[in-house]
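J.: Below: one structure in structure tokens.
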Amino acid sequence: MGATKQVQAGSVLIGGGAPVSIQSMTNTDTRDVNATLDQIKQLSAAGCDLVRVSVYDRACAGAVRRLVDQSPVPLVADIHFDHTLAIAAMENGIHKMRINPGNIGSAENVRRVADCAKMHHVPIRIGVNSGSLEKDILEKYGGVTPQGMVESALRHVKLLEENHFDDIVISLKASDVPTTVQAYRLMHDTCDYPLHLGVTEAGLPGQGTVKSAIGIGALLLDGIGDTVRVSLTSDPVDEPRAALDILRALGLRKGIRFVSCPTCGRTQINVMEIAQRVSKEFEDIDLPVTVAVMGCVVNGPGEARDADIALCGGKDCGALYVHGKFVQKLTGDLAEGFVKAVQEYIRRLSA
């Protein structure tokens with residue numbers, strides 16, 4: 001199947017060949033507008049294109065207007081069971097909804113939500129999680145399966161389509177990576193709605209980041225997926241940073257690409273210290289620059305040829321290369337010297 005259908009959430013296009021967007025979710029009390037807005041701004045600065053907030057009562061729905069008016073990025077309302085909260089959030093300017101129409105009661109409730117979404121041009125994400133599949137689907141398939149997750153999602157899709165609404169995004173998340181990947185692949189072959197990728201309840205940074213990178217990365221390499229969230233048990237700001245790393249590794253986002261060797265007995269410089277210093281210094285740069293920190297002359301010169309700027313270690317010194325050509329010998333504080341060299345390279349590139 002080719003490009004997916006395109007929907008629009010505020011200024012962000014999802015699907016239809018648009019760049020893969022990054023999402024995360026606040027963990028503040030949505031009723032506390034100042035705290036929630038502060039976290040939204042932090043998430044935006046960390047790379048989020050959209051931010052989701054929980055709307056679980058009337059006070060949250062009432063806070064949506066102030067949040068929308070001051071947010072630097074489009075906002076998504078996360079709503080379960082209560083269709084009146086969905087309508088209130090849309091009337092208060094929310095840019096996108098996350099709601100499963102099969103969980104909000106009668107057909108009339110679904111019609112009212114669909115009509116309101118059409119009126120306000122608000123797309124709806126249908127989110128299926130492996131931990132909340134319908135009982136009859138679990139019985140039919142003998143537990144959680146990719147086929148069951150897809151069938152569950154299509155039930156919700158049908159409810160909206162029956163009300164002539166098709167600005168739909170679909171997610172199919174499991175905490176098990178193979179199940180997640182198989183479910184998305186099956187859905188990609190079944191319909192052309194844009195897909196929101198993620199491995200749900202992935203865990204803590206480290207293992208959770210690896211699980212997310214494998215699942216999301218495998219799908220994006222197949223050309224599947226239009227928007228992503230890395231779900232981590234951590235500060236929410238860690239999520240967009242991890243998502244950016246995934247997209248940059250796949251060449252789907254501009255940004256500095258860091259190359260550094262794992263070191264060995266031949267290494268005579270502190271590669272880890274230099275690499276950490278350089279990585280932290282330039283993590284927010286969105287220029288397509290490859291920076292390499294290599295420990296010795298075995299692989300160093302080869303990586304230096306491929307990098308835009310590189311440091312290759314010697315005996316308590318380093319060789320600085322730019323576009324594969326030796327520039328100068330660095331001594332003393334190699335981390336400081338290489339940071340300054342990269343800063344100068346970026347300055348000239350940006351001039």
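Chain identifiers are assigned as A, B, and so on, following the order in which chains appear in the structure tokens; residues are numbered from 1 within each chain, and ligands are numbered from 1 in order of appearance.
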Skipping near chain neighbours, those fewer than 6 positions away, what residues fall within 7 Å of region 211-227 of chain A using only C-alpha atoms, listed as a JSON list (two decimals) with C-alpha atoms, in the first residue's frame?
T.:
[["chain", "number", "residue", "atom", "x", "y", "z"],
["A", 14, "ILE", "CA", -0.06, 13.54, 9.55],
["A", 15, "GLY", "CA", 0.20, 10.99, 6.75],
["A", 20, "VAL", "CA", 6.97, 11.77, 10.60],
["A", 21, "SER", "CA", 5.87, 13.82, 13.60],
["A", 22, "ILE", "CA", 6.82, 13.33, 17.25],
["A", 177, "VAL", "CA", 7.55, -5.74, 20.31],
["A", 181, "VAL", "CA", 5.13, -4.76, 14.68],
["A", 188, "HIS", "CA", -0.95, -1.12, 6.86],
["A", 194, "PRO", "CA", -2.32, 7.15, 8.92],
["A", 195, "LEU", "CA", -0.68, 5.17, 11.71],
["A", 196, "HIS", "CA", 0.55, 6.43, 15.08],
["A", 197, "LEU", "CA", 3.47, 4.18, 16.09],
["A", 198, "GLY", "CA", 4.55, 3.18, 19.55],
["A", 199, "VAL", "CA", 5.34, 0.30, 21.89],
["A", 202, "ALA", "CA", 7.84, 0.07, 27.10],
["A", 246, "ILE", "CA", 15.30, 7.16, 16.32]]
J.: Give me the residues near region 281-296 of chain A as a VMD selection string, where near means some atom within 7 Å (using only C-alpha atoms) and where sequence neighbours in that chain fewer than 4 positions away do not count.
T.: chain A and resid 254 to 261 263 266 to 267 269 271 275 277 300 303 to 304 307 to 314
J.: Which one is closest to Gly148 (chain A): A:Glu162, A:Tyr184, A:His323, A:His121? Count only C-alpha atoms.
T.: A:Tyr184
J.: Check region 151-182 of chain A with DSSP on the backbone and list each residue it calls alpha helix (DSSP H), as a VMD selection string.
T.: chain A and resid 151 to 161 177 to 182
J.: Could the residues in this selection be saved with N, CA, C and O atoms as a PDB file, in the first residue's frame?
T.:
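Okay, selection33.pdb is ready:
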ATOM      1  N   GLU A 151      -8.717  -6.201  14.316  1.00  0.00           N
ATOM      2  CA  GLU A 151     -10.185  -6.318  14.286  1.00  0.00           C
ATOM      3  C   GLU A 151     -10.820  -5.326  15.260  1.00  0.00           C
ATOM      4  O   GLU A 151     -11.840  -4.694  14.942  1.00  0.00           O
ATOM      5  N   SER A 152     -10.235  -5.175  16.430  1.00  0.00           N
ATOM      6  CA  SER A 152     -10.757  -4.225  17.409  1.00  0.00           C
ATOM      7  C   SER A 152     -10.717  -2.806  16.861  1.00  0.00           C
ATOM      8  O   SER A 152     -11.699  -2.052  16.953  1.00  0.00           O
ATOM      9  N   ALA A 153      -9.589  -2.425  16.268  1.00  0.00           N
ATOM     10  CA  ALA A 153      -9.469  -1.074  15.710  1.00  0.00           C
ATOM     11  C   ALA A 153     -10.491  -0.834  14.610  1.00  0.00           C
ATOM     12  O   ALA A 153     -11.114   0.239  14.546  1.00  0.00           O
ATOM     13  N   LEU A 154     -10.684  -1.818  13.755  1.00  0.00           N
ATOM     14  CA  LEU A 154     -11.613  -1.646  12.632  1.00  0.00           C
ATOM     15  C   LEU A 154     -13.062  -1.532  13.104  1.00  0.00           C
ATOM     16  O   LEU A 154     -13.887  -0.901  12.436  1.00  0.00           O
ATOM     17  N   ARG A 155     -13.374  -2.118  14.248  1.00  0.00           N
ATOM     18  CA  ARG A 155     -14.714  -1.917  14.818  1.00  0.00           C
ATOM     19  C   ARG A 155     -14.942  -0.442  15.126  1.00  0.00           C
ATOM     20  O   ARG A 155     -15.995   0.124  14.820  1.00  0.00           O
ATOM     21  N   HIS A 156     -13.941   0.165  15.770  1.00  0.00           N
ATOM     22  CA  HIS A 156     -14.060   1.583  16.108  1.00  0.00           C
ATOM     23  C   HIS A 156     -14.093   2.447  14.849  1.00  0.00           C
ATOM     24  O   HIS A 156     -14.856   3.416  14.760  1.00  0.00           O
ATOM     25  N   VAL A 157     -13.276   2.083  13.878  1.00  0.00           N
ATOM     26  CA  VAL A 157     -13.258   2.822  12.614  1.00  0.00           C
ATOM     27  C   VAL A 157     -14.630   2.796  11.956  1.00  0.00           C
ATOM     28  O   VAL A 157     -15.130   3.820  11.468  1.00  0.00           O
ATOM     29  N   LYS A 158     -15.260   1.628  11.955  1.00  0.00           N
ATOM     30  CA  LYS A 158     -16.560   1.477  11.313  1.00  0.00           C
ATOM     31  C   LYS A 158     -17.603   2.403  11.936  1.00  0.00           C
ATOM     32  O   LYS A 158     -18.443   2.991  11.233  1.00  0.00           O
ATOM     33  N   LEU A 159     -17.552   2.576  13.252  1.00  0.00           N
ATOM     34  CA  LEU A 159     -18.509   3.456  13.928  1.00  0.00           C
ATOM     35  C   LEU A 159     -18.382   4.888  13.433  1.00  0.00           C
ATOM     36  O   LEU A 159     -19.387   5.592  13.264  1.00  0.00           O
ATOM     37  N   LEU A 160     -17.164   5.334  13.191  1.00  0.00           N
ATOM     38  CA  LEU A 160     -16.978   6.688  12.673  1.00  0.00           C
ATOM     39  C   LEU A 160     -17.340   6.770  11.196  1.00  0.00           C
ATOM     40  O   LEU A 160     -17.963   7.750  10.755  1.00  0.00           O
ATOM     41  N   GLU A 161     -16.946   5.768  10.439  1.00  0.00           N
ATOM     42  CA  GLU A 161     -17.262   5.784   9.003  1.00  0.00           C
ATOM     43  C   GLU A 161     -18.768   5.776   8.767  1.00  0.00           C
ATOM     44  O   GLU A 161     -19.257   6.400   7.812  1.00  0.00           O
ATOM     45  N   VAL A 177       7.109  -6.349  21.569  1.00  0.00           N
ATOM     46  CA  VAL A 177       7.545  -5.744  20.306  1.00  0.00           C
ATOM     47  C   VAL A 177       7.078  -6.521  19.081  1.00  0.00           C
ATOM     48  O   VAL A 177       6.519  -5.930  18.145  1.00  0.00           O
ATOM     49  N   PRO A 178       7.280  -7.849  18.996  1.00  0.00           N
ATOM     50  CA  PRO A 178       6.834  -8.566  17.794  1.00  0.00           C
ATOM     51  C   PRO A 178       5.332  -8.420  17.541  1.00  0.00           C
ATOM     52  O   PRO A 178       4.907  -8.255  16.388  1.00  0.00           O
ATOM     53  N   THR A 179       4.520  -8.468  18.608  1.00  0.00           N
ATOM     54  CA  THR A 179       3.073  -8.307  18.433  1.00  0.00           C
ATOM     55  C   THR A 179       2.747  -6.926  17.881  1.00  0.00           C
ATOM     56  O   THR A 179       1.916  -6.783  16.968  1.00  0.00           O
ATOM     57  N   THR A 180       3.403  -5.907  18.410  1.00  0.00           N
ATOM     58  CA  THR A 180       3.180  -4.550  17.931  1.00  0.00           C
ATOM     59  C   THR A 180       3.512  -4.424  16.455  1.00  0.00           C
ATOM     60  O   THR A 180       2.720  -3.903  15.663  1.00  0.00           O
ATOM     61  N   VAL A 181       4.688  -4.890  16.069  1.00  0.00           N
ATOM     62  CA  VAL A 181       5.133  -4.763  14.682  1.00  0.00           C
ATOM     63  C   VAL A 181       4.209  -5.511  13.737  1.00  0.00           C
ATOM     64  O   VAL A 181       3.812  -4.995  12.677  1.00  0.00           O
ATOM     65  N   GLN A 182       3.825  -6.719  14.121  1.00  0.00           N
ATOM     66  CA  GLN A 182       2.939  -7.513  13.249  1.00  0.00           C
ATOM     67  C   GLN A 182       1.573  -6.856  13.107  1.00  0.00           C
ATOM     68  O   GLN A 182       0.985  -6.868  12.017  1.00  0.00           O
TER      69      GLN A 182
END
J.: If you measure from CA of Ser234 (chain A) to CA of Arg52 (chain A), what distance in Å do you get, rounded to one decimal?
T.: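 These two atoms are separated by 16.0 Å.
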J.: I need the residues in region 113-338 of chain A that are strand (DSSP E) according to DSSP; give them as a PyMOL selection string.
T.: chain A and resi 124-129+168-173+196-197+227-229+257-260+290-294+309-313+318-322+325-330
J.: Kindly indicate which residue among A:Val144, A:Val113, A:Val12, A:Met25 lies nearest to Leu232 (chain A), using only C-alpha atoms for the distances.
T.: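 Checking each candidate against Leu232 (chain A), we get A:Met25 as the closest.
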J.: Please provide the set of residues having any atom within 6 Å of region 164-171 of chain A, restricted to only C-alpha atoms, with same-chain residues fewer than 5 positions apart removed, written as number ranges by chain.
T.: A: 7, 123-128, 193-196
J.: Could you write those residues out with N, CA, C and O atoms, as a short mmCIF file (atom, residue, chain, number, x, y, z; two decimals), in the first residue's frame?
T.:
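Result went into selection-v6.cif, see below:
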data_model
loop_
_atom_site.label_atom_id
_atom_site.label_comp_id
_atom_site.auth_asym_id
_atom_site.auth_seq_id
_atom_site.Cartn_x
_atom_site.Cartn_y
_atom_site.Cartn_z
N VAL A 7 -4.30 13.69 7.36
CA VAL A 7 -5.16 14.48 8.24
C VAL A 7 -4.32 15.64 8.77
O VAL A 7 -3.09 15.65 8.65
N PRO A 123 -9.21 15.80 13.76
CA PRO A 123 -9.03 14.36 13.52
C PRO A 123 -9.12 13.57 14.82
O PRO A 123 -8.88 14.10 15.91
N ILE A 124 -9.46 12.31 14.68
CA ILE A 124 -9.61 11.42 15.84
C ILE A 124 -8.66 10.25 15.72
O ILE A 124 -8.60 9.58 14.68
N ARG A 125 -7.88 10.02 16.79
CA ARG A 125 -7.05 8.81 16.83
C ARG A 125 -7.77 7.72 17.58
O ARG A 125 -8.18 7.91 18.73
N ILE A 126 -7.89 6.60 16.93
CA ILE A 126 -8.39 5.39 17.56
C ILE A 126 -7.19 4.62 18.09
O ILE A 126 -6.30 4.25 17.32
N GLY A 127 -7.15 4.40 19.40
CA GLY A 127 -6.00 3.76 20.00
C GLY A 127 -6.34 2.41 20.60
O GLY A 127 -7.09 2.34 21.58
N VAL A 128 -5.81 1.36 20.02
CA VAL A 128 -6.02 0.01 20.55
C VAL A 128 -4.78 -0.40 21.33
O VAL A 128 -3.67 -0.35 20.80
N TYR A 193 -5.46 4.50 6.42
CA TYR A 193 -5.45 5.53 7.43
C TYR A 193 -4.03 5.71 7.99
O TYR A 193 -3.28 4.73 8.10
N PRO A 194 -3.65 6.94 8.34
CA PRO A 194 -2.32 7.15 8.92
C PRO A 194 -2.18 6.41 10.24
O PRO A 194 -3.16 6.23 10.98
N LEU A 195 -0.95 6.00 10.54
CA LEU A 195 -0.68 5.17 11.71
C LEU A 195 0.21 5.91 12.70
O LEU A 195 1.24 6.48 12.34
N HIS A 196 -0.21 5.87 13.96
CA HIS A 196 0.55 6.43 15.08
C HIS A 196 1.31 5.27 15.71
O HIS A 196 0.71 4.34 16.24
#
J.: In Å, how far is it from CA of Val73 (chain A) to CA of Arg185 (chain A)?
T.: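 That distance, rounded to one decimal, is 29.3 Å.
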J.: Considering only C-alpha atoms, state which residue in the set A:Ala3, A:Gln328, A:Cys317, A:Leu204 is at the smallest distance from Pro19 (chain A).
T.: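 Closest residue, counting only C-alpha atoms: A:Ala3.
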J.: Taking into account only C-alpha atoms, which residue in the set A:Ala335, A:Leu67, A:Val55, A:Ala183 is nearest to Ile99 (chain A)?
T.: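 Going through A:Ala335, A:Leu67, A:Val55, A:Ala183 one by one, the smallest distance to Ile99 (chain A) is for A:Val55.
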J.: Please indicate the distance in Å from CA of Ala107 (chain A) to CA of Asn163 (chain A), rounded to one decimal place.
T.: 9.4 Å
J.: Find the residues around region 68-71 of chain A up to 10 Å (only C-alpha atoms counted), leave out those fewer than 4 positions away in its own chain, and share them as number ranges by chain.
T.: A: 33, 36-38, 40-41, 44, 50-51, 63-64, 75-76, 92-95
